[in-house]
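Let me begin by presenting the structure, written as structure tokens, before commenting on it.
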Amino acid sequence: KYLKQAGDRMDSRSLTERVAKTNEIADAHVNLFKKPVHSKILTDLATDPEFDLALFQDNSSRWNLYREFVQSLYNREMEKPVRLSVSQEKRLNFLGELSYWLWVEYGSKISFSVEQIPNRILEDFPFEDTDEKKAICRELLSGSILERKSGDIFFFGHRSFAEYLVADRLLRNRPDQRSHHLYSKAYRDGVREFLLDAEYAREEATWSR
């Protein structure tokens, strides 16, 4: 029902086929898609007629689901002219560092204010004063996986989004001697589950313990 309501980018025949394909995937991987947040991600992806649902037929891991969702979200955002001034790579790096900071240094919280964001996370985006910092942060956070409350308060709609981004950030940045203890601190709860679920978990195991 959700897909039919949101699928205004497809004609009726294509939509019917899309619904059938989505249900087929969900039925084939019940353990994954029995969780509402995972079903919601799957149907959100299915509303995009350009997204290939066949990616989940053989590789239906939670890691793959979240990776494709985040990538799809930013692909759509980068199509907007207003977003072209900052590359997708820099946006995702910022989001990873932000999530890592929240997880390791800010008590695993999933909400924050723009004023609380450490300046070091914005080293790729130089600014001169507080107002310019706020403007940069709003641009980087707009259209992201984060949601906005009143004012400059942002939050993750589901804790698992933050956990995935922390896990992804860890895998993309091999720890040096100074950060091993921080990685050990991060390696817990949902972050640990995502790392173990990653398709290259064997590589991760060499430095995460």
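In the structure tokens, chains take the letters A, B, ... in the order shown, each chain's residues start at 1, and ligands count up from 1 in the order shown.
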Mind checking which residues fall within 10 Å of Asp124 in chain A, counting only C-alpha atoms, ignoring those fewer than 6 positions away in the same chain, and posting them as a short mmCIF file (atom, residue, chain, number, x, y, z; two decimals) with N, CA, C and O atoms, in the first residue's frame?
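Heads up, here's the output in around03.cif:
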data_model
loop_
_atom_site.label_atom_id
_atom_site.label_comp_id
_atom_site.auth_asym_id
_atom_site.auth_seq_id
_atom_site.Cartn_x
_atom_site.Cartn_y
_atom_site.Cartn_z
N LYS A 90 32.55 14.44 -0.37
CA LYS A 90 32.76 15.29 0.80
C LYS A 90 31.54 15.28 1.73
O LYS A 90 31.68 15.33 2.95
N ASN A 93 31.67 11.95 3.59
CA ASN A 93 32.75 11.97 4.57
C ASN A 93 32.36 12.79 5.79
O ASN A 93 32.63 12.39 6.94
N PHE A 94 31.73 13.93 5.54
CA PHE A 94 31.26 14.76 6.65
C PHE A 94 30.26 14.01 7.51
O PHE A 94 30.34 14.01 8.74
#
Could you build a table of the residues in range 103-191 of chain A lying no more than 10 Å from range 33-48 of chain A, giving for each the nearest pair of atoms and their separation in Å rounded to one decimal place, using only C-alpha atoms, ordered by chain and ascending residue number, as a tab-separated table?
residue	atom	partner	partner_atom	distance
A:Gly157	CA	A:Val37	CA	9.9
A:His158	CA	A:Val37	CA	7.9
A:Ser160	CA	A:Val37	CA	8.8
A:Phe161	CA	A:Val37	CA	9.9
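Those residues of chain A that DSSP, working from the backbone, places in strand (DSSP E or B) are Ser111, Phe112, Ser113, Leu146, Glu147, Arg148, Ile153, Phe154, Phe155 and Phe156 of chain A.
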May I have the residues from that selection written out with N, CA, C and O atoms, as a PDB file, in the first residue's frame?
ATOM      1  N   SER A 111      20.902  12.831  18.268  1.00  0.00           N
ATOM      2  CA  SER A 111      20.439  14.193  17.982  1.00  0.00           C
ATOM      3  C   SER A 111      21.485  15.182  18.473  1.00  0.00           C
ATOM      4  O   SER A 111      22.259  14.891  19.399  1.00  0.00           O
ATOM      5  N   PHE A 112      21.507  16.362  17.859  1.00  0.00           N
ATOM      6  CA  PHE A 112      22.523  17.355  18.186  1.00  0.00           C
ATOM      7  C   PHE A 112      22.095  18.695  17.625  1.00  0.00           C
ATOM      8  O   PHE A 112      21.203  18.776  16.773  1.00  0.00           O
ATOM      9  N   SER A 113      22.762  19.741  18.080  1.00  0.00           N
ATOM     10  CA  SER A 113      22.539  21.074  17.514  1.00  0.00           C
ATOM     11  C   SER A 113      23.740  21.429  16.647  1.00  0.00           C
ATOM     12  O   SER A 113      24.845  20.911  16.855  1.00  0.00           O
ATOM     13  N   LEU A 146      19.575  12.663   7.763  1.00  0.00           N
ATOM     14  CA  LEU A 146      19.143  13.281   9.016  1.00  0.00           C
ATOM     15  C   LEU A 146      17.840  14.044   8.838  1.00  0.00           C
ATOM     16  O   LEU A 146      17.525  14.520   7.747  1.00  0.00           O
ATOM     17  N   GLU A 147      17.112  14.179   9.930  1.00  0.00           N
ATOM     18  CA  GLU A 147      15.884  14.956   9.938  1.00  0.00           C
ATOM     19  C   GLU A 147      16.083  16.178  10.833  1.00  0.00           C
ATOM     20  O   GLU A 147      16.964  16.191  11.693  1.00  0.00           O
ATOM     21  N   ARG A 148      15.262  17.184  10.631  1.00  0.00           N
ATOM     22  CA  ARG A 148      15.438  18.443  11.359  1.00  0.00           C
ATOM     23  C   ARG A 148      14.247  18.739  12.256  1.00  0.00           C
ATOM     24  O   ARG A 148      13.105  18.610  11.855  1.00  0.00           O
ATOM     25  N   ILE A 153      18.333  21.967  15.327  1.00  0.00           N
ATOM     26  CA  ILE A 153      18.455  20.655  15.946  1.00  0.00           C
ATOM     27  C   ILE A 153      18.192  19.588  14.885  1.00  0.00           C
ATOM     28  O   ILE A 153      17.156  19.612  14.216  1.00  0.00           O
ATOM     29  N   PHE A 154      19.138  18.673  14.720  1.00  0.00           N
ATOM     30  CA  PHE A 154      19.006  17.589  13.758  1.00  0.00           C
ATOM     31  C   PHE A 154      19.054  16.251  14.481  1.00  0.00           C
ATOM     32  O   PHE A 154      19.630  16.139  15.568  1.00  0.00           O
ATOM     33  N   PHE A 155      18.494  15.212  13.857  1.00  0.00           N
ATOM     34  CA  PHE A 155      18.483  13.894  14.485  1.00  0.00           C
ATOM     35  C   PHE A 155      18.348  12.799  13.439  1.00  0.00           C
ATOM     36  O   PHE A 155      17.868  13.036  12.323  1.00  0.00           O
ATOM     37  N   PHE A 156      18.792  11.602  13.802  1.00  0.00           N
ATOM     38  CA  PHE A 156      18.598  10.426  12.967  1.00  0.00           C
ATOM     39  C   PHE A 156      17.224   9.842  13.267  1.00  0.00           C
ATOM     40  O   PHE A 156      16.899   9.579  14.424  1.00  0.00           O
TER      41      PHE A 156
END
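Shortest separation to Phe56 in chain A among A:Leu73, A:Ile25, A:Leu140, A:Val86 occurs at residue A:Ile25, atoms counted being only C-alpha atoms.
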Just give me the gap between CA of Ala6 in chain A and CA of Ala54 in chain A in Å, one decimal is fine.
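Those two atoms sit 20.0 Å apart.
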Run DSSP on the backbone and give me the residues of range 59-192 of chain A it puts in helix (DSSP H, G or I), as a tab-separated table (two decimals) with N, CA, C and O atoms, in the first residue's frame.
chain	number	residue	atom	x	y	z
A	62	ARG	N	21.83	-6.81	5.67
A	62	ARG	CA	21.46	-5.49	6.19
A	62	ARG	C	22.47	-4.44	5.75
A	62	ARG	O	22.12	-3.30	5.44
A	63	TRP	N	23.74	-4.83	5.69
A	63	TRP	CA	24.79	-3.91	5.23
A	63	TRP	C	24.49	-3.43	3.82
A	63	TRP	O	24.56	-2.25	3.52
A	64	ASN	N	24.18	-4.36	2.95
A	64	ASN	CA	23.91	-4.02	1.55
A	64	ASN	C	22.67	-3.14	1.44
A	64	ASN	O	22.63	-2.19	0.63
A	65	LEU	N	21.66	-3.41	2.24
A	65	LEU	CA	20.43	-2.63	2.21
A	65	LEU	C	20.70	-1.17	2.57
A	65	LEU	O	20.27	-0.24	1.87
A	66	TYR	N	21.42	-0.94	3.65
A	66	TYR	CA	21.70	0.42	4.10
A	66	TYR	C	22.66	1.13	3.17
A	66	TYR	O	22.53	2.33	2.90
A	67	ARG	N	23.64	0.39	2.65
A	67	ARG	CA	24.59	1.00	1.72
A	67	ARG	C	23.88	1.52	0.48
A	67	ARG	O	24.12	2.64	0.04
A	68	GLU	N	23.03	0.70	-0.08
A	68	GLU	CA	22.30	1.10	-1.28
A	68	GLU	C	21.35	2.26	-1.00
A	68	GLU	O	21.16	3.15	-1.84
A	69	PHE	N	20.75	2.25	0.18
A	69	PHE	CA	19.81	3.32	0.54
A	69	PHE	C	20.52	4.66	0.66
A	69	PHE	O	20.06	5.68	0.11
A	70	VAL	N	21.64	4.68	1.37
A	70	VAL	CA	22.39	5.94	1.53
A	70	VAL	C	22.91	6.42	0.18
A	70	VAL	O	22.84	7.62	-0.14
A	71	GLN	N	23.43	5.51	-0.62
A	71	GLN	CA	23.95	5.88	-1.93
A	71	GLN	C	22.85	6.45	-2.82
A	71	GLN	O	23.03	7.45	-3.51
A	72	SER	N	21.69	5.79	-2.79
A	72	SER	CA	20.55	6.25	-3.61
A	72	SER	C	20.08	7.63	-3.17
A	72	SER	O	19.77	8.49	-3.99
A	73	LEU	N	20.04	7.84	-1.86
A	73	LEU	CA	19.62	9.14	-1.33
A	73	LEU	C	20.52	10.26	-1.83
A	73	LEU	O	20.04	11.30	-2.29
A	74	TYR	N	21.82	10.04	-1.78
A	74	TYR	CA	22.74	11.09	-2.18
A	74	TYR	C	22.84	11.23	-3.70
A	74	TYR	O	23.12	12.31	-4.20
A	75	ASN	N	22.58	10.14	-4.41
A	75	ASN	CA	22.52	10.27	-5.87
A	75	ASN	C	21.39	11.22	-6.28
A	75	ASN	O	21.55	12.05	-7.19
A	76	ARG	N	20.26	11.08	-5.60
A	76	ARG	CA	19.12	11.96	-5.91
A	76	ARG	C	19.42	13.40	-5.51
A	76	ARG	O	19.06	14.35	-6.23
A	77	GLU	N	20.08	13.57	-4.38
A	77	GLU	CA	20.40	14.91	-3.92
A	77	GLU	C	21.36	15.62	-4.87
A	77	GLU	O	21.24	16.81	-5.12
A	78	MET	N	22.32	14.86	-5.40
A	78	MET	CA	23.33	15.47	-6.27
A	78	MET	C	22.76	15.87	-7.62
A	78	MET	O	23.40	16.59	-8.38
A	81	PRO	N	20.63	21.11	-8.67
A	81	PRO	CA	21.68	22.10	-8.96
A	81	PRO	C	22.27	22.75	-7.72
A	81	PRO	O	23.48	23.01	-7.67
A	82	VAL	N	21.45	22.97	-6.70
A	82	VAL	CA	21.93	23.66	-5.50
A	82	VAL	C	22.95	22.82	-4.75
A	82	VAL	O	23.73	23.32	-3.95
A	83	ARG	N	22.97	21.51	-5.01
A	83	ARG	CA	23.88	20.62	-4.28
A	83	ARG	C	25.23	20.45	-4.98
A	83	ARG	O	26.14	19.86	-4.43
A	88	GLN	N	29.65	14.77	-3.65
A	88	GLN	CA	29.02	13.69	-2.89
A	88	GLN	C	30.01	13.07	-1.90
A	88	GLN	O	29.65	12.76	-0.76
A	89	GLU	N	31.24	12.90	-2.33
A	89	GLU	CA	32.25	12.30	-1.47
A	89	GLU	C	32.47	13.12	-0.20
A	89	GLU	O	32.54	12.58	0.91
A	90	LYS	N	32.55	14.44	-0.37
A	90	LYS	CA	32.76	15.29	0.80
A	90	LYS	C	31.54	15.28	1.73
A	90	LYS	O	31.68	15.33	2.95
A	91	ARG	N	30.35	15.22	1.15
A	91	ARG	CA	29.13	15.16	1.97
A	91	ARG	C	29.10	13.87	2.79
A	91	ARG	O	28.78	13.89	3.99
A	92	LEU	N	29.43	12.76	2.15
A	92	LEU	CA	29.40	11.48	2.85
A	92	LEU	C	30.51	11.39	3.89
A	92	LEU	O	30.31	10.83	4.97
A	93	ASN	N	31.67	11.95	3.59
A	93	ASN	CA	32.75	11.97	4.57
A	93	ASN	C	32.36	12.79	5.79
A	93	ASN	O	32.63	12.39	6.94
A	94	PHE	N	31.73	13.93	5.54
A	94	PHE	CA	31.26	14.76	6.65
A	94	PHE	C	30.26	14.01	7.51
A	94	PHE	O	30.34	14.01	8.74
A	95	LEU	N	29.31	13.34	6.87
A	95	LEU	CA	28.28	12.61	7.60
A	95	LEU	C	28.90	11.47	8.41
A	95	LEU	O	28.47	11.19	9.54
A	96	GLY	N	29.91	10.80	7.84
A	96	GLY	CA	30.58	9.74	8.56
A	96	GLY	C	31.32	10.26	9.79
A	96	GLY	O	31.25	9.66	10.87
A	97	GLU	N	32.03	11.37	9.63
A	97	GLU	CA	32.76	11.95	10.76
A	97	GLU	C	31.79	12.46	11.83
A	97	GLU	O	32.06	12.34	13.03
A	98	LEU	N	30.68	13.02	11.40
A	98	LEU	CA	29.67	13.49	12.33
A	98	LEU	C	29.10	12.33	13.14
A	98	LEU	O	28.98	12.41	14.38
A	99	SER	N	28.77	11.24	12.47
A	99	SER	CA	28.21	10.07	13.15
A	99	SER	C	29.23	9.46	14.11
A	99	SER	O	28.87	9.03	15.21
A	100	TYR	N	30.48	9.41	13.68
A	100	TYR	CA	31.55	8.87	14.51
A	100	TYR	C	31.73	9.71	15.78
A	100	TYR	O	31.90	9.17	16.88
A	101	TRP	N	31.69	11.01	15.63
A	101	TRP	CA	31.79	11.90	16.78
A	101	TRP	C	30.63	11.67	17.75
A	101	TRP	O	30.85	11.55	18.96
A	102	LEU	N	29.42	11.59	17.24
A	102	LEU	CA	28.26	11.34	18.10
A	102	LEU	C	28.39	10.02	18.84
A	102	LEU	O	28.05	9.90	20.01
A	103	TRP	N	28.88	9.01	18.14
A	103	TRP	CA	28.94	7.67	18.70
A	103	TRP	C	30.04	7.52	19.75
A	103	TRP	O	29.83	6.98	20.84
A	104	VAL	N	31.24	8.03	19.44
A	104	VAL	CA	32.40	7.81	20.29
A	104	VAL	C	32.56	8.87	21.37
A	104	VAL	O	32.90	8.57	22.51
A	114	VAL	N	23.53	22.31	15.70
A	114	VAL	CA	24.62	22.74	14.82
A	114	VAL	C	25.77	23.32	15.62
A	114	VAL	O	26.94	23.10	15.31
A	115	GLU	N	25.45	24.05	16.69
A	115	GLU	CA	26.49	24.68	17.50
A	115	GLU	C	27.43	23.67	18.14
A	115	GLU	O	28.59	23.97	18.43
A	116	GLN	N	26.94	22.45	18.36
A	116	GLN	CA	27.75	21.43	19.03
A	116	GLN	C	28.73	20.73	18.10
A	116	GLN	O	29.65	20.06	18.56
A	119	ASN	N	34.55	21.90	15.20
A	119	ASN	CA	35.10	22.55	14.01
A	119	ASN	C	35.98	21.62	13.19
A	119	ASN	O	36.06	21.76	11.96
A	120	ARG	N	36.63	20.65	13.84
A	120	ARG	CA	37.54	19.77	13.11
A	120	ARG	C	36.80	18.93	12.06
A	120	ARG	O	37.40	18.51	11.06
A	121	ILE	N	35.51	18.68	12.28
A	121	ILE	CA	34.73	17.90	11.32
A	121	ILE	C	34.51	18.70	10.04
A	121	ILE	O	34.25	18.13	8.98
A	122	LEU	N	34.67	19.99	10.14
A	122	LEU	CA	34.43	20.87	9.00
A	122	LEU	C	35.73	21.37	8.37
A	122	LEU	O	35.76	22.42	7.74
A	130	THR	N	30.79	32.18	13.31
A	130	THR	CA	29.74	31.25	13.70
A	130	THR	C	28.61	31.20	12.69
A	130	THR	O	28.08	30.13	12.38
A	131	ASP	N	28.23	32.35	12.17
A	131	ASP	CA	27.12	32.39	11.20
A	131	ASP	C	27.47	31.61	9.94
A	131	ASP	O	26.63	30.90	9.37
A	132	GLU	N	28.72	31.75	9.48
A	132	GLU	CA	29.14	31.03	8.28
A	132	GLU	C	29.20	29.53	8.55
A	132	GLU	O	28.85	28.71	7.70
A	133	LYS	N	29.62	29.15	9.76
A	133	LYS	CA	29.64	27.74	10.14
A	133	LYS	C	28.23	27.16	10.09
A	133	LYS	O	28.00	26.06	9.56
A	134	LYS	N	27.27	27.87	10.63
A	134	LYS	CA	25.88	27.40	10.64
A	134	LYS	C	25.36	27.21	9.21
A	134	LYS	O	24.68	26.23	8.92
A	135	ALA	N	25.70	28.15	8.34
A	135	ALA	CA	25.23	28.07	6.95
A	135	ALA	C	25.81	26.85	6.25
A	135	ALA	O	25.12	26.14	5.51
A	136	ILE	N	27.09	26.58	6.49
A	136	ILE	CA	27.74	25.42	5.88
A	136	ILE	C	27.11	24.13	6.41
A	136	ILE	O	26.82	23.20	5.64
A	137	CYS	N	26.90	24.07	7.71
A	137	CYS	CA	26.31	22.88	8.31
A	137	CYS	C	24.90	22.63	7.78
A	137	CYS	O	24.52	21.49	7.49
A	138	ARG	N	24.11	23.67	7.66
A	138	ARG	CA	22.74	23.51	7.15
A	138	ARG	C	22.77	22.95	5.73
A	138	ARG	O	21.95	22.11	5.36
A	139	GLU	N	23.71	23.42	4.91
A	139	GLU	CA	23.82	22.93	3.54
A	139	GLU	C	24.22	21.47	3.53
A	139	GLU	O	23.67	20.66	2.77
A	140	LEU	N	25.17	21.08	4.36
A	140	LEU	CA	25.64	19.70	4.40
A	140	LEU	C	24.59	18.75	4.97
A	140	LEU	O	24.55	17.57	4.62
A	141	LEU	N	23.76	19.25	5.86
A	141	LEU	CA	22.76	18.40	6.51
A	141	LEU	C	21.44	18.36	5.75
A	141	LEU	O	20.65	17.43	5.93
A	159	ARG	N	18.02	4.85	14.96
A	159	ARG	CA	19.39	4.68	15.47
A	159	ARG	C	20.27	3.89	14.50
A	159	ARG	O	21.47	4.14	14.39
A	160	SER	N	19.67	2.96	13.77
A	160	SER	CA	20.46	2.13	12.88
A	160	SER	C	21.13	2.93	11.77
A	160	SER	O	22.18	2.52	11.25
A	161	PHE	N	20.57	4.07	11.38
A	161	PHE	CA	21.21	4.90	10.36
A	161	PHE	C	22.56	5.40	10.86
A	161	PHE	O	23.55	5.39	10.13
A	162	ALA	N	22.59	5.86	12.11
A	162	ALA	CA	23.84	6.34	12.70
A	162	ALA	C	24.83	5.18	12.83
A	162	ALA	O	26.03	5.34	12.56
A	163	GLU	N	24.35	4.02	13.24
A	163	GLU	CA	25.23	2.86	13.41
A	163	GLU	C	25.85	2.44	12.09
A	163	GLU	O	27.05	2.11	12.05
A	164	TYR	N	25.07	2.45	11.03
A	164	TYR	CA	25.63	2.10	9.73
A	164	TYR	C	26.72	3.09	9.32
A	164	TYR	O	27.80	2.70	8.84
A	165	LEU	N	26.46	4.37	9.48
A	165	LEU	CA	27.42	5.39	9.06
A	165	LEU	C	28.71	5.31	9.87
A	165	LEU	O	29.80	5.55	9.33
A	166	VAL	N	28.61	4.98	11.15
A	166	VAL	CA	29.82	4.79	11.97
A	166	VAL	C	30.60	3.60	11.45
A	166	VAL	O	31.83	3.66	11.28
A	167	ALA	N	29.91	2.49	11.19
A	167	ALA	CA	30.58	1.29	10.69
A	167	ALA	C	31.26	1.57	9.35
A	167	ALA	O	32.41	1.15	9.11
A	168	ASP	N	30.59	2.28	8.48
A	168	ASP	CA	31.15	2.62	7.17
A	168	ASP	C	32.37	3.51	7.32
A	168	ASP	O	33.38	3.32	6.63
A	169	ARG	N	32.30	4.44	8.24
A	169	ARG	CA	33.43	5.34	8.48
A	169	ARG	C	34.64	4.56	9.01
A	169	ARG	O	35.79	4.79	8.61
A	170	LEU	N	34.41	3.59	9.89
A	170	LEU	CA	35.50	2.79	10.42
A	170	LEU	C	36.18	1.98	9.32
A	170	LEU	O	37.41	1.88	9.26
A	171	LEU	N	35.38	1.40	8.44
A	171	LEU	CA	35.94	0.58	7.37
A	171	LEU	C	36.72	1.40	6.36
A	171	LEU	O	37.66	0.91	5.74
A	172	ARG	N	36.33	2.65	6.18
A	172	ARG	CA	37.01	3.50	5.20
A	172	ARG	C	38.27	4.16	5.76
A	172	ARG	O	39.03	4.78	5.02
A	180	HIS	N	43.34	3.42	18.06
A	180	HIS	CA	42.90	2.05	18.29
A	180	HIS	C	41.90	1.97	19.44
A	180	HIS	O	40.91	1.23	19.36
A	181	HIS	N	42.15	2.71	20.50
A	181	HIS	CA	41.24	2.65	21.65
A	181	HIS	C	39.88	3.23	21.31
A	181	HIS	O	38.85	2.78	21.84
A	182	LEU	N	39.83	4.22	20.40
A	182	LEU	CA	38.55	4.79	19.99
A	182	LEU	C	37.78	3.80	19.12
A	182	LEU	O	36.56	3.68	19.23
A	183	TYR	N	38.49	3.09	18.26
A	183	TYR	CA	37.83	2.09	17.43
A	183	TYR	C	37.27	0.95	18.29
A	183	TYR	O	36.18	0.44	18.03
A	184	SER	N	38.04	0.58	19.32
A	184	SER	CA	37.56	-0.46	20.23
A	184	SER	C	36.30	0.01	20.95
A	184	SER	O	35.36	-0.76	21.17
A	185	LYS	N	36.27	1.28	21.29
A	185	LYS	CA	35.10	1.86	21.95
A	185	LYS	C	33.90	1.88	21.02
A	185	LYS	O	32.76	1.69	21.44
A	186	ALA	N	34.15	2.10	19.74
A	186	ALA	CA	33.06	2.18	18.76
A	186	ALA	C	32.53	0.80	18.37
A	186	ALA	O	31.38	0.67	17.92
A	189	ASP	N	27.43	-2.88	19.89
A	189	ASP	CA	26.02	-2.73	19.55
A	189	ASP	C	25.80	-2.86	18.03
A	189	ASP	O	26.34	-3.73	17.39
A	190	GLY	N	24.98	-1.95	17.48
A	190	GLY	CA	24.65	-2.03	16.07
A	190	GLY	C	25.83	-1.82	15.15
A	190	GLY	O	25.86	-2.36	14.03
A	191	VAL	N	26.82	-1.04	15.58
A	191	VAL	CA	28.02	-0.82	14.75
A	191	VAL	C	28.74	-2.14	14.55
A	191	VAL	O	29.15	-2.49	13.43
A	192	ARG	N	28.90	-2.89	15.61
A	192	ARG	CA	29.55	-4.20	15.51
A	192	ARG	C	28.77	-5.12	14.58
A	192	ARG	O	29.35	-5.83	13.75
Distance query Thr16 in chain A at most 10 Å, only C-alpha atoms, self and fewer than 4 positions along chain excluded, as a list in words:
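Final neighbour list, sorted by chain and number: Leu3, Lys4, Gly7, Met10, Asp11, Ser12, Ala20, Lys21 and Thr22 of chain A.
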Those same residues, written as an mmCIF file, in the first residue's frame with N, CA, C and O atoms?
data_model
loop_
_atom_site.group_PDB
_atom_site.id
_atom_site.type_symbol
_atom_site.label_atom_id
_atom_site.label_comp_id
_atom_site.auth_asym_id
_atom_site.auth_seq_id
_atom_site.Cartn_x
_atom_site.Cartn_y
_atom_site.Cartn_z
ATOM 1 N N LEU A 3 3.881 1.575 -1.157
ATOM 2 C CA LEU A 3 4.522 1.722 -2.462
ATOM 3 C C LEU A 3 3.558 2.266 -3.502
ATOM 4 O O LEU A 3 3.930 3.096 -4.339
ATOM 5 N N LYS A 4 2.312 1.836 -3.454
ATOM 6 C CA LYS A 4 1.322 2.333 -4.411
ATOM 7 C C LYS A 4 1.046 3.819 -4.205
ATOM 8 O O LYS A 4 0.827 4.565 -5.152
ATOM 9 N N GLY A 7 4.411 5.669 -5.378
ATOM 10 C CA GLY A 7 4.974 5.385 -6.686
ATOM 11 C C GLY A 7 4.419 6.217 -7.812
ATOM 12 O O GLY A 7 3.985 5.685 -8.845
ATOM 13 N N MET A 10 5.759 6.075 -11.741
ATOM 14 C CA MET A 10 5.562 4.923 -12.613
ATOM 15 C C MET A 10 4.112 4.846 -13.075
ATOM 16 O O MET A 10 3.206 5.281 -12.366
ATOM 17 N N ASP A 11 3.908 4.271 -14.257
ATOM 18 C CA ASP A 11 2.539 4.042 -14.701
ATOM 19 C C ASP A 11 1.966 2.841 -13.950
ATOM 20 O O ASP A 11 2.681 2.135 -13.238
ATOM 21 N N SER A 12 0.674 2.594 -14.105
ATOM 22 C CA SER A 12 0.001 1.577 -13.302
ATOM 23 C C SER A 12 0.584 0.178 -13.512
ATOM 24 O O SER A 12 0.743 -0.594 -12.556
ATOM 25 N N ALA A 20 4.926 -6.296 -6.960
ATOM 26 C CA ALA A 20 5.103 -7.740 -6.952
ATOM 27 C C ALA A 20 6.568 -8.111 -6.689
ATOM 28 O O ALA A 20 6.859 -9.039 -5.917
ATOM 29 N N LYS A 21 7.485 -7.384 -7.319
ATOM 30 C CA LYS A 21 8.910 -7.656 -7.152
ATOM 31 C C LYS A 21 9.355 -7.351 -5.719
ATOM 32 O O LYS A 21 10.124 -8.121 -5.120
ATOM 33 N N THR A 22 8.862 -6.259 -5.174
ATOM 34 C CA THR A 22 9.213 -5.885 -3.805
ATOM 35 C C THR A 22 8.715 -6.929 -2.816
ATOM 36 O O THR A 22 9.444 -7.339 -1.895
#
Report the distance between CA of Gln177 in chain A and CA of Phe194 in chain A in Å, rounded to one decimal place.
23.4 Å
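Going from CA of Arg13 in chain A to CA of Leu53 in chain A covers 16.7 Å.
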